[in-house]
$ cat run-v8.txt   # compact mmCIF, C-alpha atoms
# COMPACT_ATOMS: atom_id res chain seq x y z
CA MET A 1 -24.73 -0.67 12.88
CA ASN A 2 -28.24 0.22 11.67
CA LYS A 3 -29.08 2.81 9.04
CA PRO A 4 -30.16 5.62 11.46
CA ALA A 5 -26.88 5.22 13.36
CA ILE A 6 -24.88 5.41 10.13
CA LEU A 7 -26.77 8.56 9.09
CA LYS A 8 -26.13 10.11 12.48
CA CYS A 9 -22.43 9.33 12.08
CA MET A 10 -22.45 10.99 8.64
CA LEU A 11 -24.19 14.15 9.92
CA VAL A 12 -21.33 14.88 12.32
CA LEU A 13 -19.38 16.08 9.29
CA LEU A 14 -21.82 18.87 8.46
CA ALA A 15 -21.67 22.53 9.43
CA VAL A 16 -18.29 22.35 11.16
CA PRO A 17 -16.76 25.79 11.73
CA ALA A 18 -13.26 26.57 10.51
CA LEU A 19 -10.53 26.05 13.07
CA ALA A 20 -9.51 29.19 14.92
CA LEU A 21 -6.78 28.89 17.54
CA ALA A 22 -6.31 31.29 20.42
CA SER A 23 -2.62 31.88 21.06
CA GLU A 24 -2.92 30.62 24.64
CA SER A 25 -4.90 27.47 23.80
CA PRO A 26 -3.46 23.96 24.24
CA LEU A 27 -4.25 23.23 20.60
CA HIS A 28 -2.22 26.25 19.50
CA ALA A 29 0.71 24.99 21.53
CA LEU A 30 0.34 21.55 19.95
CA VAL A 31 0.32 23.01 16.43
CA GLU A 32 3.42 25.04 17.23
CA ARG A 33 5.20 21.84 18.28
CA TYR A 34 4.43 20.39 14.87
CA ARG A 35 5.81 23.49 13.17
CA GLN A 36 9.12 22.94 14.98
CA GLY A 37 9.69 19.69 13.07
CA PRO A 38 9.33 15.93 13.64
CA ASP A 39 11.86 15.86 16.49
CA HIS A 40 9.39 17.92 18.54
CA TRP A 41 6.23 15.97 17.67
CA PRO A 42 4.37 13.94 20.29
CA GLN A 43 4.90 10.20 20.04
CA ALA A 44 2.66 8.42 17.54
CA ASN A 45 0.08 6.01 18.95
CA VAL A 46 1.09 2.79 17.21
CA ASP A 47 -0.34 -0.63 18.05
CA THR A 48 1.92 -3.45 19.16
CA GLY A 49 3.21 -5.47 16.22
CA VAL A 50 2.95 -2.67 13.64
CA ASP A 51 6.20 -2.24 11.67
CA TYR A 52 5.97 1.52 11.95
CA GLN A 53 8.03 3.91 9.83
CA PRO A 54 7.99 7.65 10.65
CA LEU A 55 6.23 9.97 8.23
CA ALA A 56 8.55 11.64 5.74
CA ALA A 57 8.63 13.63 2.53
CA ILE A 58 8.66 11.53 -0.60
CA ALA A 59 11.92 11.21 -2.52
CA GLU A 60 11.92 13.38 -5.64
CA GLN A 61 13.85 10.76 -7.64
CA VAL A 62 11.89 7.63 -8.50
CA PRO A 63 13.27 4.12 -7.92
CA VAL A 64 14.16 2.35 -11.16
CA PRO A 65 14.90 -1.39 -11.51
CA ALA A 66 18.36 -2.35 -12.71
CA ASN A 67 16.92 -4.48 -15.53
CA ASN A 68 14.91 -1.60 -16.97
CA PRO A 69 16.93 1.64 -16.77
CA LEU A 70 14.95 4.77 -17.45
CA THR A 71 15.83 6.70 -20.63
CA ALA A 72 14.15 9.56 -22.45
CA ALA A 73 13.67 7.41 -25.56
CA LYS A 74 12.04 4.60 -23.57
CA HIS A 75 9.78 7.08 -21.75
CA GLU A 76 8.68 8.62 -25.06
CA LEU A 77 7.92 5.20 -26.53
CA GLY A 78 6.00 4.22 -23.40
CA LYS A 79 3.90 7.39 -23.60
CA HIS A 80 2.67 6.51 -27.09
CA LEU A 81 2.02 2.88 -26.11
CA PHE A 82 0.10 3.90 -22.99
CA PHE A 83 -2.44 5.76 -25.13
CA ASP A 84 -2.48 3.35 -28.09
CA ARG A 85 -5.75 1.40 -28.50
CA ARG A 86 -4.11 -1.02 -30.94
CA LEU A 87 -2.57 -2.90 -28.03
CA SER A 88 -5.98 -4.37 -27.13
CA ALA A 89 -7.85 -7.23 -28.81
CA SER A 90 -10.63 -4.91 -29.97
CA GLU A 91 -8.26 -2.04 -30.83
CA GLN A 92 -10.60 0.14 -28.76
CA ILE A 93 -9.00 0.05 -25.29
CA ALA A 94 -5.73 1.62 -24.18
CA CYS A 95 -4.06 1.78 -20.76
CA ALA A 96 -5.39 5.35 -20.63
CA SER A 97 -8.97 4.08 -20.90
CA CYS A 98 -8.82 3.24 -17.18
CA HIS A 99 -6.02 5.66 -16.28
CA ASP A 100 -7.09 8.96 -17.78
CA PRO A 101 -4.92 12.08 -17.23
CA ASP A 102 -8.11 14.17 -17.00
CA LEU A 103 -9.26 12.03 -14.05
CA GLY A 104 -6.05 11.92 -12.02
CA TRP A 105 -4.85 8.90 -14.03
CA ALA A 106 -7.79 6.84 -12.74
CA ASP A 107 -11.21 6.55 -14.42
CA GLY A 108 -13.72 7.90 -11.87
CA ARG A 109 -15.82 4.72 -12.05
CA ARG A 110 -16.77 2.41 -9.21
CA ALA A 111 -15.49 -0.46 -11.33
CA SER A 112 -13.78 -0.24 -14.69
CA ILE A 113 -15.19 -1.33 -18.06
CA GLY A 114 -12.99 -3.41 -20.35
CA HIS A 115 -13.11 -5.74 -23.34
CA ASN A 116 -16.56 -6.11 -24.94
CA ARG A 117 -18.00 -3.73 -22.31
CA GLN A 118 -17.33 -6.23 -19.54
CA LYS A 119 -17.47 -4.64 -16.12
CA GLY A 120 -14.94 -5.77 -13.56
CA ASP A 121 -15.35 -5.92 -9.79
CA ILE A 122 -12.38 -3.76 -8.85
CA ASN A 123 -11.82 -0.02 -8.86
CA ALA A 124 -8.96 1.27 -11.03
CA PRO A 125 -6.54 3.21 -8.80
CA THR A 126 -4.42 6.07 -10.05
CA VAL A 127 -1.03 5.12 -11.49
CA VAL A 128 0.54 8.33 -10.16
CA ASN A 129 3.45 7.48 -7.83
CA SER A 130 3.15 3.82 -8.83
CA ALA A 131 6.95 3.77 -9.17
CA TRP A 132 7.16 3.30 -5.39
CA LEU A 133 4.74 0.40 -5.11
CA THR A 134 6.14 -2.85 -3.76
CA HIS A 135 2.99 -4.85 -4.55
CA ILE A 136 0.91 -4.11 -7.66
CA PHE A 137 -2.86 -4.62 -7.99
CA TRP A 138 -5.20 -4.54 -5.02
CA ASN A 139 -4.33 -8.12 -4.07
CA GLY A 140 -0.59 -7.67 -4.72
CA ARG A 141 -0.36 -10.33 -7.41
CA ALA A 142 2.35 -8.50 -9.40
CA ALA A 143 5.78 -7.62 -8.05
CA SER A 144 6.66 -4.94 -10.61
CA LEU A 145 5.07 -2.48 -13.02
CA GLU A 146 6.40 -4.58 -15.89
CA GLU A 147 4.45 -7.59 -14.58
CA GLN A 148 1.37 -5.43 -14.09
CA VAL A 149 1.45 -4.22 -17.69
CA ILE A 150 1.52 -7.76 -19.06
CA ALA A 151 -1.23 -8.88 -16.66
CA SER A 152 -3.62 -6.05 -17.59
CA TRP A 153 -2.75 -6.27 -21.27
CA THR A 154 -3.70 -9.96 -21.43
CA ASN A 155 -6.55 -9.99 -18.88
CA PRO A 156 -9.70 -11.20 -20.70
CA ILE A 157 -11.92 -8.57 -19.07
CA GLU A 158 -9.44 -5.71 -19.46
CA MET A 159 -7.52 -5.41 -22.75
CA ALA A 160 -7.86 -9.13 -23.65
CA ALA A 161 -4.84 -9.03 -25.94
CA ASP A 162 -2.93 -11.79 -27.63
CA THR A 163 0.50 -10.23 -27.20
CA ASP A 164 1.93 -11.86 -30.32
CA VAL A 165 -0.87 -10.38 -32.43
CA ALA A 166 -0.50 -6.99 -30.78
CA VAL A 167 3.26 -6.72 -31.30
CA GLU A 168 2.90 -7.80 -34.92
CA ARG A 169 0.36 -5.03 -35.37
CA LEU A 170 2.82 -2.50 -33.94
CA SER A 171 5.69 -3.89 -36.03
CA GLU A 172 3.71 -3.17 -39.18
CA THR A 173 3.23 0.53 -38.40
CA GLN A 174 5.40 3.23 -39.96
CA SER A 175 6.50 4.79 -36.68
CA TYR A 176 6.98 2.20 -33.96
CA PRO A 177 10.02 0.28 -35.30
CA ALA A 178 12.09 3.47 -35.24
CA LEU A 179 10.91 4.32 -31.72
CA PHE A 180 11.81 0.82 -30.50
CA GLU A 181 15.23 1.12 -32.13
CA ARG A 182 15.91 4.41 -30.31
CA ALA A 183 14.73 2.96 -27.01
CA PHE A 184 16.26 -0.52 -27.17
CA GLY A 185 18.95 -0.48 -29.85
CA SER A 186 16.98 -2.52 -32.41
CA ALA A 187 13.61 -2.23 -34.13
CA GLU A 188 12.34 -5.55 -32.75
CA VAL A 189 8.96 -5.24 -31.02
CA THR A 190 8.40 -7.76 -28.23
CA PRO A 191 5.90 -8.04 -25.36
CA GLU A 192 8.74 -7.59 -22.86
CA ARG A 193 9.88 -4.37 -24.51
CA VAL A 194 6.32 -3.04 -24.65
CA ALA A 195 5.95 -3.72 -20.93
CA GLN A 196 9.30 -2.10 -20.12
CA ALA A 197 8.45 1.02 -22.10
CA ILE A 198 4.99 1.47 -20.57
CA ALA A 199 6.39 0.84 -17.07
CA SER A 200 9.05 3.48 -17.73
CA PHE A 201 6.39 5.98 -18.73
CA MET A 202 4.34 5.20 -15.62
CA ARG A 203 7.38 5.77 -13.39
CA GLY A 204 7.48 9.32 -14.72
CA LEU A 205 3.98 10.09 -13.40
CA THR A 206 4.75 11.48 -9.96
CA LEU A 207 3.24 13.74 -7.32
CA THR A 208 6.08 14.77 -5.00
CA ASN A 209 5.45 18.44 -4.18
CA THR A 210 2.35 18.45 -2.00
CA PRO A 211 1.89 20.90 0.89
CA PHE A 212 2.76 18.03 3.24
CA ASP A 213 6.01 17.33 1.37
CA ARG A 214 6.97 21.01 1.39
CA PHE A 215 6.22 21.16 5.12
CA MET A 216 8.34 18.08 5.79
CA ARG A 217 11.19 19.65 3.78
CA GLY A 218 11.18 22.71 6.03
CA ASP A 219 8.49 25.09 4.71
CA THR A 220 6.69 25.62 8.03
CA ASP A 221 3.93 27.68 6.39
CA ALA A 222 3.01 25.05 3.80
CA MET A 223 0.25 23.57 6.01
CA SER A 224 -2.56 25.35 7.83
CA ASP A 225 -3.16 25.10 11.59
CA GLU A 226 -6.19 22.94 10.87
CA ALA A 227 -4.19 20.55 8.67
CA LEU A 228 -1.53 20.26 11.39
CA HIS A 229 -4.24 19.48 13.92
CA GLY A 230 -5.38 16.81 11.46
CA LEU A 231 -1.81 15.49 11.19
CA HIS A 232 -1.75 15.09 14.97
CA LEU A 233 -5.06 13.22 14.92
CA PHE A 234 -3.79 11.08 12.03
CA ARG A 235 -0.84 10.01 14.22
CA THR A 236 -2.84 9.56 17.42
CA LYS A 237 -6.57 9.43 18.10
CA ALA A 238 -7.65 8.67 14.51
CA ARG A 239 -5.29 5.66 14.36
CA CYS A 240 -4.51 6.19 10.65
CA ILE A 241 -0.78 5.87 11.34
CA ASN A 242 -1.12 2.14 12.02
CA CYS A 243 -1.59 1.45 8.30
CA HIS A 244 -0.52 4.71 6.63
CA HIS A 245 3.05 5.58 7.53
CA GLY A 246 6.50 6.11 6.03
CA SER A 247 7.17 8.36 3.06
CA GLN A 248 4.45 6.62 1.03
CA LEU A 249 1.81 6.75 3.78
CA THR A 250 1.18 3.03 3.39
CA ASP A 251 2.38 -0.07 5.21
CA ASN A 252 2.39 -2.00 1.90
CA ARG A 253 0.33 -4.68 3.64
CA PHE A 254 -3.16 -6.12 3.20
CA HIS A 255 -6.18 -5.61 5.45
CA HIS A 256 -9.88 -6.41 5.53
CA LEU A 257 -12.14 -3.49 6.44
CA GLY A 258 -15.56 -5.13 6.25
CA THR A 259 -16.34 -3.93 2.71
CA SER A 260 -15.86 -7.24 0.88
CA PHE A 261 -18.51 -9.88 0.42
CA HIS A 262 -15.76 -12.36 -0.27
CA ASN A 263 -17.92 -15.09 -1.81
CA VAL A 264 -18.97 -12.75 -4.61
CA GLY A 265 -16.86 -11.77 -7.61
CA ASP A 266 -13.22 -10.88 -7.16
CA PHE A 267 -13.40 -10.00 -3.46
CA GLN A 268 -11.34 -12.81 -1.93
CA GLY A 269 -8.42 -10.40 -1.94
CA ARG A 270 -4.97 -11.56 -0.93
CA TYR A 271 -6.43 -14.97 0.01
CA ARG A 272 -6.52 -15.93 -3.69
CA LEU A 273 -2.73 -15.88 -3.71
CA THR A 274 -1.81 -17.10 -0.23
CA GLY A 275 -4.73 -19.25 0.96
CA ALA A 276 -4.11 -17.80 4.43
CA ARG A 277 -7.17 -17.33 6.65
CA ASP A 278 -6.07 -13.83 7.67
CA ASP A 279 -5.92 -12.77 4.01
CA VAL A 280 -9.58 -13.42 3.20
CA GLY A 281 -11.03 -10.17 1.85
CA ALA A 282 -7.75 -8.34 2.52
CA PHE A 283 -6.62 -5.73 0.03
CA ARG A 284 -3.54 -3.53 -0.28
CA THR A 285 -3.27 -0.39 1.81
CA PRO A 286 -3.16 2.44 -0.75
CA SER A 287 -0.90 5.43 -0.46
CA LEU A 288 -2.86 8.54 0.52
CA ARG A 289 -0.86 10.87 -1.72
CA GLY A 290 -3.29 12.52 -4.12
CA ALA A 291 -5.89 9.91 -3.22
CA ALA A 292 -8.54 12.47 -2.26
CA GLU A 293 -8.54 13.64 -5.88
CA THR A 294 -9.45 10.25 -7.37
CA PRO A 295 -12.81 9.10 -5.98
CA PRO A 296 -14.54 6.72 -5.64
CA PHE A 297 -12.45 5.01 -2.96
CA MET A 298 -11.55 1.51 -1.78
CA HIS A 299 -10.77 -1.54 -3.92
CA ASN A 300 -14.44 -1.88 -4.91
CA GLY A 301 -15.26 1.80 -5.40
CA PHE A 302 -17.74 1.44 -2.54
CA VAL A 303 -17.07 4.90 -1.05
CA LYS A 304 -18.04 7.85 -3.21
CA ASP A 305 -16.34 10.75 -1.41
CA LEU A 306 -13.95 11.69 1.37
CA ASP A 307 -16.69 12.64 3.85
CA MET A 308 -18.27 9.20 3.57
CA LEU A 309 -14.86 7.55 3.91
CA LEU A 310 -14.04 9.45 7.12
CA ALA A 311 -17.47 8.69 8.55
CA LEU A 312 -16.98 4.96 7.99
CA TYR A 313 -13.58 4.98 9.66
CA ASN A 314 -15.00 7.05 12.51
CA MET A 315 -17.66 4.42 13.22
CA GLY A 316 -15.12 1.57 12.92
CA TRP A 317 -16.51 -0.08 9.76
CA TRP A 318 -18.23 -3.42 10.53
CA GLN A 319 -17.69 -7.16 10.77
CA ASN A 320 -19.25 -9.24 8.01
CA ALA A 321 -21.85 -11.74 9.22
CA GLU A 322 -21.18 -15.45 8.81
CA LEU A 323 -23.11 -16.89 5.87
CA PRO A 324 -24.66 -20.24 6.83
CA ASP A 325 -25.06 -21.51 3.25
CA LYS A 326 -22.17 -19.87 1.42
CA GLY A 327 -21.44 -22.95 -0.70
CA ASN A 328 -17.68 -23.15 -0.13
CA ASP A 329 -15.12 -23.54 2.62
CA ILE A 330 -13.57 -20.07 2.37
CA PRO A 331 -13.26 -18.67 5.91
CA THR A 332 -15.29 -15.60 6.78
CA ALA A 333 -13.26 -12.42 6.39
CA LYS A 334 -12.35 -10.88 9.72
CA LEU A 335 -12.23 -7.14 10.28
CA SER A 336 -8.64 -5.99 10.80
CA PRO A 337 -7.85 -5.62 14.52
CA LEU A 338 -6.28 -2.26 13.64
CA ILE A 339 -9.74 -0.86 12.88
CA LYS A 340 -11.65 0.48 15.89
CA PRO A 341 -14.37 3.10 16.48
CA LEU A 342 -12.72 6.51 16.83
CA SER A 343 -15.29 8.84 18.46
CA LEU A 344 -13.93 11.84 16.57
CA SER A 345 -15.91 15.05 16.94
CA GLY A 346 -17.09 17.01 13.93
CA THR A 347 -14.23 19.49 14.39
CA GLU A 348 -11.71 16.65 14.55
CA VAL A 349 -13.09 14.98 11.41
CA HIS A 350 -12.86 18.31 9.62
CA ALA A 351 -9.23 18.72 10.71
CA LEU A 352 -8.39 15.19 9.59
CA LYS A 353 -9.90 15.96 6.19
CA ALA A 354 -7.77 19.11 6.00
CA PHE A 355 -4.65 17.01 6.57
CA LEU A 356 -5.66 14.50 3.89
CA ASN A 357 -6.15 17.39 1.47
CA SER A 358 -2.60 18.56 2.25
CA LEU A 359 -1.50 15.33 0.52
CA ASN A 360 -3.01 16.60 -2.74
CA GLY A 361 -1.10 18.66 -5.24
CA THR A 362 -0.80 19.39 -8.93
CA MET A 363 -1.38 16.07 -10.64
CA PRO A 364 0.79 15.39 -13.69
CA TRP A 365 -1.18 16.02 -16.85
CA MET A 366 -0.68 15.81 -20.60
CA GLU A 367 -2.76 15.90 -23.72
CA MET A 368 -3.37 12.56 -25.36
CA PRO A 369 -0.75 12.09 -28.08
CA GLU A 370 -1.96 11.49 -31.60
CA LEU A 371 -2.12 7.88 -32.72
CA LEU A 372 1.09 7.07 -34.55
CA PRO A 373 0.77 5.97 -38.18

$ encode --input "run-v8.txt" --output "structure tokens"
Amino acid sequence: MNKPAILKCMLVLLAVPALALASESPLHALVERYRQGPDHWPQANVDTGVDYQPLAAIAEQVPVPANNPLTAAKHELGKHLFFDRRLSASEQIACASCHDPDLGWADGRRASIGHNRQKGDINAPTVVNSAWLTHIFWNGRAASLEEQVIASWTNPIEMAADTDVAVERLSETQSYPALFERAFGSAEVTPERVAQAIASFMRGLTLTNTPFDRFMRGDTDAMSDEALHGLHLFRTKARCINCHHGSQLTDNRFHHLGTSFHNVGDFQGRYRLTGARDDVGAFRTPSLRGAAETPPFMHNGFVKDLDMLLALYNMGWWQNAELPDKGNDIPTAKLSPLIKPLSLSGTEVHALKAFLNSLNGTMPWMEMPELLP
């Protein structure tokens, strides 16, 4: 699609009037069906082969692995470690450097900056509701939050730590041995215990009381008529339901949307792990809960705001061109077959945006704790 066409697609979002429903209108009747509960909703338009799960409210109790039970002492220890710069090689970078409570536990950058001011290729997503993730990182290379902590802690362009040096540094502080003893039964500081404590803290960062969740739990006034119209579009004409479903609004799978130039930087996606042709340039489907509050969007931070994101989905993204002299044998990434042009009107795009905003809520927040002596 050429630039004028893209601009035209973007302009459809402007100057859209607020939704007003006459009581006798078909749209009013549709919205009333949604207010009666999921048993009365029209059938979702789901493509063949999609392992669809109905939309649902999120559980208010987080899942916890059996080998790392959640305790108050472990959560408290993890909170201090999450904000402690001494974990990094330079003693200047903490987990919170890329996951800032003032920025929705993301960092607001297109791509994060790490050790020695190195800039990565990938956008730092929020860690809110990360307790429910089944694949961690955009390419799914970690199976648990504990694995993710170790991977980011030792990544040479993130925290670049030597874990043995870092735990020795913590062991020599006045405060940490006692905190480790309360959390684990002994004062020994190990990389595994650091990872377990930080993962426990992250599991406590949740967003479970959005307008959508309240609506799904029976509060029929929690969502506006416009947001309910957007919910219907989300499940039908807008095709979002094919990848964003279940209580997490994600299929926990990997898709290519046309945004990755997969011979540059870290954009091979899931292919780096599997070597499968269909995984070239494919990245994890994010949950949409609270996502509208943590721009920029996508794995590469390519999309700066929600209006741009909706415009790109409305036009159906694009298929990357084959590169004749790419210098390797990596297959060309193929646009996911689940992505198609939508032909949504300006009013429909506005309604879809209203639904996405109903997935926002009060993000967890806390002041940065003081560095322990």

$ atom_distance --input "run-v8.txt" --atom1 "CA of Arg169 (chain A)" --atom2 "CA of Glu188 (chain A)"
12.3 Å

$ closest_atom_pairs --input "run-v8.txt" --of "region 116-200 of chain A" --to "region 287-308 of chain A" --cutoff "9 Å" --atoms "only C-alpha atoms" --output "CSV"
residue,atom,partner,partner_atom,distance
A:Asp121,CA,A:Asn300,CA,6.4
A:Ile122,CA,A:Asn300,CA,4.8
A:Asn123,CA,A:Asn300,CA,5.1
A:Ala124,CA,A:His299,CA,7.9
A:Pro125,CA,A:Thr294,CA,7.8
A:Thr126,CA,A:Thr294,CA,7.1
A:Val128,CA,A:Gly290,CA,8.3
A:Asn129,CA,A:Arg289,CA,8.2
A:Leu133,CA,A:Ser287,CA,8.9
A:Trp138,CA,A:His299,CA,6.4

$ write_last_selection --input "run-v8.txt" --atoms "C-alpha atoms" --output "short mmCIF file (atom, residue, chain, number, x, y, z; two decimals), keeping the file's coordinate frame"
data_model
loop_
_atom_site.label_atom_id
_atom_site.label_comp_id
_atom_site.auth_asym_id
_atom_site.auth_seq_id
_atom_site.Cartn_x
_atom_site.Cartn_y
_atom_site.Cartn_z
CA ASP A 121 -15.35 -5.92 -9.79
CA ILE A 122 -12.38 -3.76 -8.85
CA ASN A 123 -11.82 -0.02 -8.86
CA ALA A 124 -8.96 1.27 -11.03
CA PRO A 125 -6.54 3.21 -8.80
CA THR A 126 -4.42 6.07 -10.05
CA VAL A 128 0.54 8.33 -10.16
CA ASN A 129 3.45 7.48 -7.83
CA LEU A 133 4.74 0.40 -5.11
CA TRP A 138 -5.20 -4.54 -5.02
#

$ residues_around --input "run-v8.txt" --residues "region 94-102 of chain A" --least-positions-apart "4" --cutoff "9 Å" --atoms "only C-alpha atoms" --output "NGL selection string"
:A and (81-88 or 106-109 or 112-114 or 124-127 or 149 or 152-153 or 159 or 363-368)

$ closest_residue --input "run-v8.txt" --among "A:Asp47, A:Glu146, A:Glu370, A:Glu91" --to "Asn68 (chain A)" --atoms "only C-alpha atoms"
A:Glu146

$ closest_atom_pairs --input "run-v8.txt" --of "region 290-329 of chain A" --to "region 335-344 of chain A" --cutoff "8 Å" --atoms "only C-alpha atoms" --output "JSON lines"
{"residue": "A:Tyr313", "atom": "CA", "partner": "A:Pro341", "partner_atom": "CA", "distance": 7.1}
{"residue": "A:Asn314", "atom": "CA", "partner": "A:Leu342", "partner_atom": "CA", "distance": 4.9}
{"residue": "A:Met315", "atom": "CA", "partner": "A:Pro341", "partner_atom": "CA", "distance": 4.8}
{"residue": "A:Gly316", "atom": "CA", "partner": "A:Pro341", "partner_atom": "CA", "distance": 3.9}
{"residue": "A:Trp317", "atom": "CA", "partner": "A:Ile339", "partner_atom": "CA", "distance": 7.5}
{"residue": "A:Trp318", "atom": "CA", "partner": "A:Leu335", "partner_atom": "CA", "distance": 7.1}
{"residue": "A:Gln319", "atom": "CA", "partner": "A:Leu335", "partner_atom": "CA", "distance": 5.5}
{"residue": "A:Asn320", "atom": "CA", "partner": "A:Leu335", "partner_atom": "CA", "distance": 7.7}

$ residues_around --input "run-v8.txt" --residues "Phe234 (chain A)" --least-positions-apart "5" --cutoff "12 Å" --atoms "only C-alpha atoms" --output "MDAnalysis selection string"
chainID A and resid 42:46 55 227:229 239:245 249 288 310 313:314 342 344 348:356

$ atom_distance --input "run-v8.txt" --atom1 "CA of Arg284 (chain A)" --atom2 "CA of Arg253 (chain A)"
5.6 Å

$ decode --input "run-v8.txt" --residues "region 171-178 of chain A" --atoms "all heavy atoms" --output "short mmCIF file (atom, residue, chain, number, x, y, z; two decimals), in the first residue's frame"
data_model
loop_
_atom_site.label_atom_id
_atom_site.label_comp_id
_atom_site.auth_asym_id
_atom_site.auth_seq_id
_atom_site.Cartn_x
_atom_site.Cartn_y
_atom_site.Cartn_z
N SER A 171 25.33 -10.51 49.19
CA SER A 171 25.66 -11.22 50.44
C SER A 171 26.43 -10.33 51.41
O SER A 171 26.36 -10.52 52.64
CB SER A 171 26.49 -12.47 50.15
OG SER A 171 25.78 -13.37 49.34
N GLU A 172 27.15 -9.36 50.84
CA GLU A 172 27.99 -8.50 51.67
C GLU A 172 27.24 -7.28 52.20
O GLU A 172 27.82 -6.47 52.95
CB GLU A 172 29.22 -8.06 50.87
CG GLU A 172 30.17 -9.22 50.55
CD GLU A 172 31.28 -8.84 49.59
OE1 GLU A 172 31.22 -7.71 49.03
OE2 GLU A 172 32.20 -9.65 49.39
N THR A 173 25.98 -7.13 51.85
CA THR A 173 25.20 -6.01 52.37
C THR A 173 24.74 -6.30 53.80
O THR A 173 24.75 -7.45 54.26
CB THR A 173 23.96 -5.73 51.50
OG1 THR A 173 23.08 -6.87 51.56
CG2 THR A 173 24.34 -5.45 50.06
N GLN A 174 24.31 -5.27 54.49
CA GLN A 174 23.79 -5.45 55.85
C GLN A 174 22.41 -6.09 55.87
O GLN A 174 22.08 -6.84 56.79
CB GLN A 174 23.71 -4.07 56.55
CG GLN A 174 25.02 -3.34 56.74
CD GLN A 174 24.80 -1.98 57.35
OE1 GLN A 174 23.86 -1.77 58.13
NE2 GLN A 174 25.67 -1.03 56.99
N SER A 175 21.60 -5.80 54.86
CA SER A 175 20.17 -6.11 54.93
C SER A 175 19.76 -7.41 54.24
O SER A 175 18.85 -8.10 54.73
CB SER A 175 19.37 -4.95 54.31
OG SER A 175 19.64 -3.74 54.97
N TYR A 176 20.37 -7.73 53.11
CA TYR A 176 19.84 -8.83 52.31
C TYR A 176 19.93 -10.21 52.97
O TYR A 176 18.99 -11.01 52.84
CB TYR A 176 20.51 -8.85 50.94
CG TYR A 176 19.80 -7.98 49.93
CD1 TYR A 176 20.42 -6.88 49.36
CD2 TYR A 176 18.49 -8.25 49.54
CE1 TYR A 176 19.77 -6.07 48.44
CE2 TYR A 176 17.82 -7.45 48.62
CZ TYR A 176 18.47 -6.35 48.08
OH TYR A 176 17.81 -5.56 47.17
N PRO A 177 21.01 -10.55 53.68
CA PRO A 177 21.03 -11.90 54.28
C PRO A 177 19.82 -12.18 55.16
O PRO A 177 19.25 -13.28 55.12
CB PRO A 177 22.35 -11.89 55.07
CG PRO A 177 23.23 -10.97 54.28
CD PRO A 177 22.32 -9.87 53.83
N ALA A 178 19.40 -11.19 55.94
CA ALA A 178 18.23 -11.38 56.81
C ALA A 178 16.96 -11.55 55.98
O ALA A 178 16.07 -12.36 56.32
CB ALA A 178 18.08 -10.21 57.77
#
